[in-house]
$ cat final-v6.txt   # compact mmCIF, C-alpha atoms
# COMPACT_ATOMS: atom_id res chain seq x y z
CA MET A 1476 -22.66 11.86 5.20
CA ARG A 1477 -19.09 12.80 5.87
CA ILE A 1478 -17.85 16.20 4.83
CA VAL A 1479 -14.51 16.19 3.11
CA THR A 1480 -12.34 19.20 3.88
CA LYS A 1481 -12.31 21.47 0.88
CA PRO A 1482 -8.60 21.60 0.06
CA ALA A 1483 -8.57 17.84 -0.33
CA LEU A 1484 -11.18 18.05 -3.07
CA ASN A 1485 -8.39 19.15 -5.37
CA PHE A 1486 -6.85 15.71 -5.11
CA GLU A 1487 -8.05 12.43 -6.44
CA ILE A 1488 -6.10 9.30 -5.72
CA HIS A 1489 -6.31 5.84 -7.19
CA PRO A 1490 -4.85 3.41 -4.63
CA SER A 1491 -4.90 0.50 -7.07
CA SER A 1492 -2.93 2.33 -9.73
CA GLY A 1493 0.62 1.28 -10.49
CA VAL A 1494 1.73 4.80 -9.65
CA PRO A 1495 2.50 5.02 -5.93
CA ILE A 1496 0.07 7.26 -4.04
CA TYR A 1497 2.81 9.69 -3.01
CA ARG A 1498 3.68 10.21 -6.69
CA GLN A 1499 0.05 10.76 -7.59
CA LEU A 1500 -0.09 13.48 -4.94
CA MET A 1501 3.14 15.05 -6.20
CA ASP A 1502 1.94 15.05 -9.81
CA GLN A 1503 -1.40 16.59 -8.87
CA MET A 1504 0.15 19.23 -6.66
CA ARG A 1505 2.48 20.19 -9.51
CA LEU A 1506 -0.46 20.44 -11.89
CA LEU A 1507 -2.44 22.58 -9.44
CA VAL A 1508 0.50 24.94 -9.10
CA ALA A 1509 1.42 24.95 -12.79
CA SER A 1510 -2.16 25.72 -13.78
CA GLY A 1511 -2.43 28.51 -11.24
CA ARG A 1512 -5.23 26.79 -9.28
CA MET A 1513 -2.92 27.02 -6.28
CA THR A 1514 -0.96 30.22 -6.11
CA ALA A 1515 2.28 31.34 -4.50
CA GLY A 1516 2.11 31.62 -0.74
CA GLU A 1517 -1.09 29.59 -0.48
CA LEU A 1518 -1.20 27.14 2.42
CA VAL A 1519 -1.62 23.52 1.39
CA PRO A 1520 -3.68 21.14 3.57
CA SER A 1521 -1.78 19.78 6.56
CA ILE A 1522 -0.43 16.24 6.34
CA ARG A 1523 -3.04 15.00 8.80
CA GLN A 1524 -5.92 16.79 7.03
CA LEU A 1525 -5.01 15.40 3.65
CA ALA A 1526 -4.30 11.89 4.93
CA GLU A 1527 -7.64 11.79 6.73
CA ALA A 1528 -9.61 13.22 3.83
CA LEU A 1529 -8.07 10.85 1.31
CA GLU A 1530 -7.98 7.94 3.78
CA VAL A 1531 -4.35 7.14 3.21
CA ASN A 1532 -1.36 6.59 5.45
CA MET A 1533 0.08 9.85 6.85
CA MET A 1534 3.56 8.68 5.89
CA THR A 1535 2.44 8.71 2.27
CA VAL A 1536 1.40 12.38 2.37
CA SER A 1537 4.45 13.29 4.39
CA LYS A 1538 6.68 11.69 1.77
CA ALA A 1539 4.96 13.58 -1.07
CA TYR A 1540 5.35 16.91 0.74
CA ALA A 1541 8.99 16.28 1.60
CA ARG A 1542 9.80 15.54 -2.05
CA LEU A 1543 7.84 18.57 -3.25
CA GLU A 1544 9.79 20.68 -0.80
CA ALA A 1545 13.07 19.24 -2.07
CA ASP A 1546 11.92 19.94 -5.64
CA GLY A 1547 11.17 23.56 -4.73
CA VAL A 1548 7.40 23.36 -5.30
CA LEU A 1549 6.49 23.81 -1.63
CA GLU A 1550 8.23 25.52 1.23
CA ARG A 1551 7.93 25.05 4.95
CA ASP A 1552 6.61 27.98 6.94
CA ARG A 1553 7.70 27.14 10.47
CA GLY A 1554 4.82 26.67 12.88
CA VAL A 1555 2.26 27.35 10.15
CA GLY A 1556 2.60 24.58 7.59
CA MET A 1557 3.55 24.15 3.97
CA ARG A 1558 3.04 26.86 1.39
CA VAL A 1559 3.26 26.96 -2.37
CA LYS A 1560 6.65 28.44 -3.19
CA ALA A 1561 6.59 31.69 -5.11
CA ALA A 1562 9.02 30.62 -7.79
CA ALA A 1563 7.09 27.51 -8.66
CA THR A 1564 3.92 29.25 -9.77
CA ASN A 1565 3.07 28.83 -13.41
CA GLY A 1566 6.17 26.60 -13.88
CA SER A 1567 8.46 27.02 -16.87
CA VAL A 1568 7.34 25.91 -20.31
CA THR A 1569 9.73 22.96 -20.08
CA GLN A 1570 8.19 21.98 -16.75
CA ARG A 1571 4.68 22.19 -18.10
CA GLN A 1572 5.67 20.25 -21.21
CA GLY A 1573 7.05 17.62 -18.86
CA GLU A 1574 3.57 17.24 -17.35
CA LEU A 1575 2.21 16.45 -20.80
CA ARG A 1576 4.82 13.86 -21.71
CA PRO A 1577 3.12 10.74 -20.24
CA ASP A 1578 -0.06 11.53 -22.20
CA ALA A 1579 1.98 12.10 -25.35
CA GLU A 1580 3.74 8.76 -24.92
CA GLN A 1581 0.44 6.96 -24.59
CA LEU A 1582 -0.86 8.76 -27.66
CA ALA A 1583 2.25 7.78 -29.62
CA ALA A 1584 1.72 4.13 -28.65
CA HIS A 1585 -1.89 4.24 -29.85
CA ALA A 1586 -0.88 5.93 -33.09
CA TRP A 1587 1.69 3.19 -33.65
CA GLN A 1588 -0.87 0.44 -33.02
CA LEU A 1589 -3.20 2.13 -35.52
CA GLN A 1590 -0.34 2.38 -38.03
CA LEU A 1591 -0.80 6.14 -38.40
CA SER A 1592 2.05 8.22 -39.78
CA ASP A 1593 3.52 11.03 -37.67
CA GLU A 1594 1.71 13.63 -39.78
CA GLN A 1595 -1.59 11.78 -39.54
CA ALA A 1596 -1.31 11.49 -35.75
CA LEU A 1597 -0.22 15.12 -35.35
CA SER A 1598 -3.16 16.38 -37.38
CA VAL A 1599 -5.52 14.65 -34.92
CA VAL A 1600 -3.74 16.39 -32.04
CA LYS A 1601 -3.92 19.76 -33.81
CA THR A 1602 -7.63 19.37 -34.44
CA ALA A 1603 -8.17 18.57 -30.75
CA LEU A 1604 -6.14 21.62 -29.71
CA LYS A 1605 -8.09 23.82 -32.13
CA LYS A 1606 -11.40 22.58 -30.71
CA ARG A 1607 -10.14 23.38 -27.18
CA ALA A 1608 -9.11 26.90 -28.22
CA ASP A 1609 -12.54 27.49 -29.77
CA VAL A 1610 -14.27 26.48 -26.55
CA ASP A 1611 -12.03 28.86 -24.65
CA GLY A 1612 -13.06 31.63 -27.03
CA MET B 36 13.07 0.81 22.44
CA ASN B 37 15.85 -0.06 20.04
CA HIS B 38 14.70 -3.51 19.04
CA PRO B 39 12.76 -3.89 15.81
CA VAL B 40 9.13 -4.73 16.57
CA ILE B 41 9.42 -8.03 14.78
CA GLU B 42 12.62 -9.81 13.95
CA ALA B 43 12.40 -13.24 12.34
CA ARG B 44 15.51 -15.14 11.22
CA GLY B 45 15.37 -18.36 9.23
CA VAL B 46 12.06 -19.42 10.72
CA THR B 47 11.00 -22.90 9.66
CA LYS B 48 7.91 -24.92 10.54
CA GLN B 49 7.09 -28.48 9.61
CA PHE B 50 3.86 -30.31 10.21
CA GLY B 51 4.92 -33.96 9.99
CA ARG B 52 6.80 -34.15 6.71
CA ARG B 53 5.14 -31.10 5.22
CA GLU B 54 7.29 -28.00 5.39
CA VAL B 55 5.16 -24.85 5.54
CA LEU B 56 7.81 -22.28 6.44
CA ALA B 57 11.20 -22.82 4.81
CA GLY B 58 13.28 -20.05 6.39
CA VAL B 59 11.36 -16.80 6.86
CA ASP B 60 13.46 -13.66 7.37
CA LEU B 61 11.56 -10.50 8.23
CA THR B 62 12.46 -7.36 10.17
CA VAL B 63 9.61 -4.94 10.84
CA PRO B 64 10.46 -1.43 12.06
CA HIS B 65 8.38 0.67 14.48
CA GLY B 66 5.33 2.35 13.04
CA ALA B 67 5.17 0.19 9.93
CA VAL B 68 1.87 -1.07 8.58
CA VAL B 69 2.84 -4.31 6.92
CA GLY B 70 0.59 -6.16 4.52
CA LEU B 71 1.54 -9.83 4.45
CA VAL B 72 0.34 -11.32 1.20
CA GLY B 73 0.50 -14.80 -0.22
CA THR B 74 -1.70 -17.31 -1.98
CA ASN B 75 -3.99 -19.60 -0.01
CA GLY B 76 -1.83 -22.08 1.86
CA ALA B 77 1.33 -20.00 1.54
CA GLY B 78 1.85 -20.19 5.31
CA LYS B 79 0.60 -16.74 6.38
CA SER B 80 -1.40 -18.03 9.35
CA THR B 81 1.35 -20.42 10.40
CA PHE B 82 3.88 -17.59 10.40
CA ILE B 83 1.55 -15.34 12.39
CA LYS B 84 0.98 -18.07 14.96
CA CYS B 85 4.73 -18.60 15.31
CA LEU B 86 5.16 -14.84 15.73
CA LEU B 87 2.71 -14.72 18.59
CA GLY B 88 3.96 -17.82 20.36
CA LEU B 89 0.85 -19.82 19.53
CA LEU B 90 2.94 -22.31 17.56
CA ARG B 91 6.52 -23.28 18.20
CA PRO B 92 8.74 -22.90 15.11
CA SER B 93 10.75 -25.99 14.07
CA GLY B 94 13.84 -23.83 13.57
CA GLY B 95 15.13 -20.28 13.44
CA THR B 96 14.53 -17.42 15.86
CA ILE B 97 11.82 -14.84 16.38
CA ARG B 98 11.97 -11.77 18.60
CA LEU B 99 9.10 -9.45 19.43
CA LEU B 100 10.70 -6.25 20.76
CA GLY B 101 13.63 -8.44 21.78
CA GLU B 102 11.55 -11.11 23.51
CA GLU B 103 11.02 -14.68 22.43
CA PRO B 104 7.33 -15.21 21.62
CA TRP B 105 7.12 -18.69 23.19
CA THR B 106 7.95 -17.27 26.63
CA LEU B 107 6.44 -13.80 26.25
CA SER B 108 6.14 -11.70 29.42
CA ALA B 109 2.76 -10.44 30.62
CA GLU B 110 3.83 -6.83 29.92
CA MET B 111 4.60 -7.71 26.32
CA LYS B 112 1.30 -9.56 25.93
CA ALA B 113 -0.55 -6.48 27.16
CA HIS B 114 0.98 -4.62 24.21
CA LEU B 115 -0.31 -7.07 21.62
CA GLY B 116 -3.58 -7.15 19.77
CA TYR B 117 -4.52 -10.18 17.70
CA VAL B 118 -7.49 -11.23 15.63
CA PRO B 119 -7.30 -14.81 14.36
CA GLN B 120 -8.79 -15.90 11.08
CA THR B 121 -11.58 -17.76 12.86
CA VAL B 122 -13.06 -15.71 15.65
CA GLN B 123 -14.28 -17.50 18.75
CA LEU B 124 -16.00 -15.50 21.49
CA TYR B 125 -18.30 -16.45 24.35
CA PRO B 126 -21.64 -16.91 22.57
CA TRP B 127 -23.77 -16.30 25.66
CA MET B 128 -22.38 -12.83 26.35
CA ARG B 129 -23.93 -9.68 24.97
CA VAL B 130 -21.76 -7.43 22.81
CA GLU B 131 -21.66 -4.77 25.51
CA GLN B 132 -20.74 -7.34 28.17
CA ILE B 133 -17.88 -8.85 26.25
CA ILE B 134 -16.43 -5.40 25.59
CA ARG B 135 -16.52 -4.62 29.33
CA TYR B 136 -15.10 -8.07 30.10
CA VAL B 137 -12.09 -7.62 27.79
CA ALA B 138 -11.60 -3.98 28.83
CA ALA B 139 -11.08 -5.10 32.44
CA PHE B 140 -7.84 -6.83 31.44
CA TYR B 141 -6.25 -3.66 30.13
CA PRO B 142 -5.49 -0.60 32.25
CA GLN B 143 -4.91 1.47 29.11
CA TRP B 144 -8.31 0.62 27.55
CA ASP B 145 -9.60 3.53 25.41
CA ALA B 146 -13.32 3.39 26.17
CA ALA B 147 -14.20 6.55 24.23
CA TRP B 148 -12.56 5.31 21.06
CA VAL B 149 -14.17 1.88 21.44
CA ASP B 150 -17.59 3.52 21.84
CA GLY B 151 -17.01 5.41 18.63
CA LEU B 152 -15.93 2.27 16.78
CA VAL B 153 -18.99 0.33 17.98
CA ARG B 154 -21.23 3.10 16.68
CA ARG B 155 -19.42 3.54 13.38
CA TRP B 156 -19.33 -0.18 12.74
CA ASP B 157 -23.02 -0.64 13.57
CA LEU B 158 -22.45 -3.28 16.24
CA PRO B 159 -25.66 -4.12 18.13
CA LYS B 160 -24.62 -3.53 21.77
CA ASP B 161 -27.48 -5.46 23.41
CA HIS B 162 -27.37 -8.52 21.14
CA ARG B 163 -25.85 -11.80 22.19
CA VAL B 164 -22.61 -12.84 20.51
CA GLY B 165 -23.89 -16.32 19.54
CA PRO B 166 -26.21 -15.39 16.66
CA LEU B 167 -23.97 -12.65 15.20
CA SER B 168 -23.01 -13.06 11.54
CA GLN B 169 -19.41 -13.86 10.53
CA GLY B 170 -18.90 -10.25 9.48
CA GLN B 171 -20.25 -8.85 12.74
CA LEU B 172 -18.16 -11.30 14.76
CA GLN B 173 -15.10 -10.17 12.88
CA LYS B 174 -15.94 -6.50 13.53
CA LEU B 175 -16.42 -7.22 17.23
CA ALA B 176 -13.11 -9.10 17.42
CA LEU B 177 -11.39 -6.15 15.74
CA VAL B 178 -12.88 -3.71 18.24
CA LEU B 179 -11.73 -5.93 21.11
CA ALA B 180 -8.21 -6.12 19.65
CA LEU B 181 -8.01 -2.37 19.04
CA GLY B 182 -9.45 -1.21 22.38
CA HIS B 183 -6.18 -1.04 24.30
CA ARG B 184 -4.39 0.65 21.38
CA PRO B 185 -1.88 -2.19 21.07
CA GLY B 186 1.72 -1.38 20.21
CA LEU B 187 1.67 -4.31 17.82
CA LEU B 188 -1.56 -5.34 16.17
CA VAL B 189 -1.59 -8.62 14.27
CA LEU B 190 -4.56 -9.46 12.09
CA ASP B 191 -5.05 -12.68 10.16
CA GLU B 192 -7.25 -11.98 7.13
CA PRO B 193 -9.16 -9.21 8.90
CA VAL B 194 -11.32 -8.20 5.97
CA ALA B 195 -12.23 -11.64 4.62
CA SER B 196 -15.88 -11.51 5.73
CA LEU B 197 -16.42 -7.74 5.83
CA ASP B 198 -18.65 -5.93 3.34
CA PRO B 199 -17.14 -2.97 1.45
CA VAL B 200 -18.56 -0.39 3.89
CA ALA B 201 -17.16 -2.20 6.93
CA ARG B 202 -13.88 -2.71 5.11
CA ARG B 203 -13.44 1.02 4.60
CA GLU B 204 -14.34 1.69 8.25
CA PHE B 205 -11.80 -0.90 9.28
CA LEU B 206 -9.09 0.70 7.14
CA ARG B 207 -9.96 4.10 8.62
CA SER B 208 -9.57 2.72 12.14
CA LEU B 209 -6.19 1.31 11.24
CA LEU B 210 -5.13 4.74 9.97
CA GLU B 211 -6.36 6.32 13.21
CA LEU B 212 -4.39 3.84 15.29
CA THR B 213 -1.18 4.29 13.32
CA ALA B 214 -1.38 8.07 12.81
CA ASP B 215 1.21 8.65 15.55
CA ALA B 216 3.74 6.36 13.82
CA GLU B 217 4.25 4.47 17.10
CA HIS B 218 1.82 1.64 16.54
CA THR B 219 2.86 -1.21 14.31
CA VAL B 220 0.44 -3.38 12.37
CA LEU B 221 0.93 -6.64 10.53
CA PHE B 222 -2.04 -7.96 8.64
CA SER B 223 -2.34 -10.85 6.25
CA THR B 224 -4.64 -10.63 3.28
CA HIS B 225 -5.10 -11.86 -0.22
CA ILE B 226 -7.13 -8.80 -1.21
CA THR B 227 -4.41 -6.53 -2.50
CA SER B 228 -6.60 -3.48 -3.10
CA ASP B 229 -7.25 -3.06 0.66
CA LEU B 230 -3.59 -3.01 1.29
CA GLU B 231 -2.68 -0.27 -1.14
CA ARG B 232 -4.37 2.48 0.83
CA VAL B 233 -2.98 1.81 4.29
CA ALA B 234 0.12 -0.33 4.07
CA SER B 235 3.52 1.30 4.35
CA HIS B 236 5.27 -2.01 3.66
CA ILE B 237 4.47 -5.19 1.84
CA ALA B 238 5.79 -8.68 2.51
CA VAL B 239 5.15 -11.42 -0.01
CA LEU B 240 5.24 -14.95 1.38
CA ARG B 241 5.95 -17.54 -1.26
CA ASN B 242 7.13 -21.15 -1.04
CA GLY B 243 7.66 -20.73 2.69
CA ARG B 244 9.95 -17.71 2.35
CA ILE B 245 9.63 -13.95 2.10
CA ALA B 246 9.97 -13.39 -1.65
CA LEU B 247 9.76 -9.62 -1.32
CA PHE B 248 9.73 -7.15 1.55
CA ASP B 249 9.97 -3.41 1.07
CA GLU B 250 8.11 -0.14 1.32
CA LEU B 251 5.03 -0.31 -0.86
CA ASP B 252 5.98 2.93 -2.66
CA ALA B 253 9.44 1.61 -3.40
CA VAL B 254 7.98 -1.60 -4.80
CA LYS B 255 5.65 0.32 -7.12
CA ASP B 256 8.51 2.61 -8.13
CA ARG B 257 10.83 -0.27 -9.02
CA VAL B 258 8.79 -3.21 -10.26
CA LYS B 259 7.74 -2.35 -13.80
CA ARG B 260 6.79 -3.98 -17.05
CA LEU B 261 8.74 -3.25 -20.20
CA ARG B 262 6.99 -3.38 -23.54
CA VAL B 263 9.72 -4.15 -26.03
CA ALA B 264 9.19 -3.64 -29.77
CA SER B 265 12.18 -4.71 -31.82
CA ARG B 266 12.85 -4.15 -35.52
CA ALA B 267 13.56 -7.84 -36.07
CA ASP B 268 12.22 -11.06 -34.56
CA LEU B 269 13.54 -11.56 -31.05
CA PRO B 270 15.74 -14.67 -30.69
CA ALA B 271 14.94 -17.62 -28.44
CA HIS B 272 17.65 -16.60 -25.99
CA PHE B 273 16.11 -13.13 -25.50
CA ALA B 274 16.58 -12.23 -21.83
CA ILE B 275 16.81 -9.15 -19.65
CA ARG B 276 18.65 -9.01 -16.38
CA GLY B 277 16.45 -9.02 -13.32
CA ALA B 278 13.43 -10.26 -15.25
CA LEU B 279 10.59 -11.76 -13.21
CA ARG B 280 8.75 -13.00 -16.26
CA THR B 281 9.34 -12.74 -19.99
CA GLN B 282 6.78 -13.24 -22.73
CA VAL B 283 7.99 -13.11 -26.33
CA ASP B 284 5.84 -12.92 -29.43
CA GLY B 285 7.78 -12.36 -32.64
CA ARG B 286 9.24 -8.87 -32.56
CA ASN B 287 7.47 -7.91 -29.34
CA ALA B 288 8.10 -8.85 -25.78
CA LEU B 289 6.60 -8.11 -22.38
CA VAL B 290 9.04 -8.30 -19.52
CA ALA B 291 8.33 -7.69 -15.85
CA VAL B 292 11.47 -6.51 -14.07
CA ALA B 293 12.16 -6.37 -10.35
CA ASP B 294 14.28 -3.25 -10.34
CA LEU B 295 13.91 -0.74 -13.13
CA ASP B 296 16.48 1.95 -13.83
CA ASP B 297 17.24 4.13 -16.86
CA ALA B 298 20.40 2.17 -17.63
CA LEU B 299 18.39 -1.01 -18.02
CA VAL B 300 16.04 0.61 -20.53
CA ARG B 301 18.98 1.96 -22.58
CA GLU B 302 20.66 -1.44 -22.41
CA VAL B 303 17.59 -3.17 -23.84
CA GLU B 304 17.20 -0.50 -26.51
CA THR B 305 20.77 -0.91 -27.80
CA ASN B 306 21.20 -4.67 -27.28
CA TRP B 307 17.99 -5.63 -29.05
CA GLN B 308 17.51 -2.65 -31.39
CA ALA B 309 14.15 -2.04 -29.83
CA ASP B 310 11.77 0.66 -28.67
CA VAL B 311 11.01 0.24 -25.01
CA SER B 312 8.08 1.68 -23.10
CA VAL B 313 7.69 1.32 -19.37
CA GLU B 314 4.37 0.39 -17.79
CA ASP B 315 3.37 0.83 -14.15
CA LEU B 316 2.13 -2.20 -12.26
CA ASN B 317 -0.29 -2.16 -9.38
CA LEU B 318 0.03 -4.50 -6.45
CA GLU B 319 -2.20 -7.15 -7.95
CA ASP B 320 -0.13 -7.13 -11.16
CA ILE B 321 3.08 -7.37 -9.15
CA PHE B 322 1.67 -10.20 -7.05
CA LEU B 323 0.73 -12.13 -10.18
CA GLU B 324 4.13 -11.52 -11.81
CA LEU B 325 5.86 -12.85 -8.68
CA HIS B 326 3.75 -15.98 -8.70
CA HIS B 327 4.40 -16.94 -12.28
CA ASP B 328 6.79 -19.77 -12.93
$ encode --input "final-v6.txt" --output "structure tokens"
Amino acid sequence: MRIVTKPALNFEIHPSSGVPIYRQLMDQMRLLVASGRMTAGELVPSIRQLAEALEVNMMTVSKAYARLEADGVLERDRGVGMRVKAAATNGSVTQRQGELRPDAEQLAAHAWQLQLSDEQALSVVKTALKKRADVDG
Amino acid sequence: MNHPVIEARGVTKQFGRREVLAGVDLTVPHGAVVGLVGTNGAGKSTFIKCLLGLLRPSGGTIRLLGEEPWTLSAEMKAHLGYVPQTVQLYPWMRVEQIIRYVAAFYPQWDAAWVDGLVRRWDLPKDHRVGPLSQGQLQKLALVLALGHRPGLLVLDEPVASLDPVARREFLRSLLELTADAEHTVLFSTHITSDLERVASHIAVLRNGRIALFDELDAVKDRVKRLRVASRADLPAHFAIRGALRTQVDGRNALVAVADLDDALVREVETNWQADVSVEDLNLEDIFLELHHD
């Protein structure tokens, strides 16, 4: 039994998806930061650690980190590694809405196939949100 | 070293009147892990053999780090690792013996790593090579090709007879070898899912030519499928620039495009009064789209 380093457990990649692996990593890192599961100043796994744990090419992880750095989600701490950038934590509402958009688009497509009106589709979404809020207390 | 690891220009190969390679152009940079894909009979093995100087091309040029494969120097050969599609090893030797035998040829042999690989891959050290199964033979050949940490590793269908566990171990070993970005790997396969984890680049061989060569990420970022839903029936001349394949059914169309950008989506939306949604394609989808006439 091989033990996977803990920080990598936060990531789940699907190599056979149409979304390139580096994008999957970027999306998931953004979610982790936006949701507060990774907080400002926190060290992210090193490129080698993450590549080994996920069994992917190091260049793939390196590319994801470089883009996240350019996007201001991560910052390089010289000699230490990459950290979550303070400003990125809990992302703006617009940013977080952006994360939801792909799901919304898929939902819209399904609603269209089912010939549901906007109101009918929205009411399903509202019910689901209500249920979620109830669970949360 | 300024030369690309592999540089092929207009490589052709005929067997009698049958043309297998019709002008292959391919430049592989240092540290790349290239998955060479193509249907059965597309010429993958022929190209690999030309690359390594095992077959003489009918035309065109090939350079391995600047050298011509047909007259490769001993130093260059010591930098190569190769596993052919059909593995042939001395059947009377024991696994342990053949490893020592091959190791003796290479001053840079990494015995510790090889030991680890033999253990991880469950190779029976004291068994004779003769009765080994196809899968075990293939594992042994891979270990022998990896042992000297070759600068260029060329594998012809390396996973064809490996079970899923061995396949993952094999992919892990490739990642270990290439972690320093100095080792280059070219492997042919028709199993696209193996490729997606480790490959940095993909080359698609089709009709004797390279139909597509790029970084795997770039390919997945650019090759997409558009789902077009128009308000009126789409005409017979419905077409989108850069389309790989177009399927039309009344008001709806599915179009695979080679190079998606926002402008293209807007263009389709206005030209055809349509709603357009973009779908991601995985490597298998892309491969199939490329092979559709």
$ atom_distance --input "final-v6.txt" --atom1 "CA of Leu1500 (chain A)" --atom2 "CA of Thr219 (chain B)"
24.4 Å
$ interface_residues --input "final-v6.txt" --of "chain A" --to "chain B" --cutoff "12 Å" --atoms "only C-alpha atoms" --output "ChimeraX atom specification"
/A:1477,1488-1499,1522-1524,1526-1539,1577,1580-1581,1583-1584,1587-1588
$ atom_distance --input "final-v6.txt" --atom1 "CA of Ser196 (chain B)" --atom2 "CA of Gly170 (chain B)"
5.0 Å
$ residues_near_point --input "final-v6.txt" --point "(3.4, -13.2, -4.4)" --cutoff "6 Å" --atoms "only C-alpha atoms" --output "number ranges by chain"
B: 73, 239, 241, 322, 325-326
$ closest_residue --input "final-v6.txt" --among "A:Leu1597, A:Leu1604, A:Met1501, A:Leu1575" --to "Ala1541 (chain A)" --atoms "all atoms listed in the file"
A:Met1501
$ atom_distance --input "final-v6.txt" --atom1 "CA of Val63 (chain B)" --atom2 "CA of Gly76 (chain B)"
22.5 Å
$ residues_around --input "final-v6.txt" --residues "Arg44 (chain B)" --least-positions-apart "2" --cutoff "8 Å" --atoms "all atoms listed in the file" --output "list of chain:residue names"
B:Glu42, B:Val46, B:Gly58, B:Val59, B:Asp60, B:Leu61, B:Gly95, B:Thr96, B:Ile97
$ write_last_selection --input "final-v6.txt" --atoms "C-alpha atoms" --output "PDB file, in the frame of the given file"
ATOM      1  CA  GLU B  42      12.620  -9.810  13.950  1.00  0.00           C
ATOM      2  CA  VAL B  46      12.060 -19.420  10.720  1.00  0.00           C
ATOM      3  CA  GLY B  58      13.280 -20.050   6.390  1.00  0.00           C
ATOM      4  CA  VAL B  59      11.360 -16.800   6.860  1.00  0.00           C
ATOM      5  CA  ASP B  60      13.460 -13.660   7.370  1.00  0.00           C
ATOM      6  CA  LEU B  61      11.560 -10.500   8.230  1.00  0.00           C
ATOM      7  CA  GLY B  95      15.130 -20.280  13.440  1.00  0.00           C
ATOM      8  CA  THR B  96      14.530 -17.420  15.860  1.00  0.00           C
ATOM      9  CA  ILE B  97      11.820 -14.840  16.380  1.00  0.00           C
TER      10      ILE B  97
END
$ residues_around --input "final-v6.txt" --residues "Ala271 (chain B)" --least-positions-apart "5" --cutoff "12 Å" --atoms "all atoms listed in the file" --output "VMD selection string"
chain B and resid 281 to 286 288
$ write_last_selection --input "final-v6.txt" --atoms "C-alpha atoms" --output "compact mmCIF listing (two decimals), in the coordinates of the input"
# COMPACT_ATOMS: atom_id res chain seq x y z
CA THR B 281 9.34 -12.74 -19.99
CA GLN B 282 6.78 -13.24 -22.73
CA VAL B 283 7.99 -13.11 -26.33
CA ASP B 284 5.84 -12.92 -29.43
CA GLY B 285 7.78 -12.36 -32.64
CA ARG B 286 9.24 -8.87 -32.56
CA ALA B 288 8.10 -8.85 -25.78
$ residues_near_point --input "final-v6.txt" --point "(2.3, 20.4, -15.9)" --cutoff "8 Å" --atoms "only C-alpha atoms" --output "list in words"
Arg1505, Leu1506, Ala1509, Ser1510, Gly1566, Gln1570, Arg1571, Gln1572, Gly1573, Glu1574 and Leu1575 of chain A
$ residues_around --input "final-v6.txt" --residues "Met1513 (chain A)" --least-positions-apart "2" --cutoff "10 Å" --atoms "only C-alpha atoms" --output "JSON, numbers by chain"
{"A": [1485, 1504, 1505, 1506, 1507, 1508, 1509, 1510, 1511, 1515, 1516, 1517, 1518, 1519, 1558, 1559, 1564, 1565]}
$ residues_around --input "final-v6.txt" --residues "Arg301 (chain B)" --least-positions-apart "6" --cutoff "10 Å" --atoms "all atoms listed in the file" --output "list of chain:residue names"
B:Ala309, B:Asp310, B:Val311
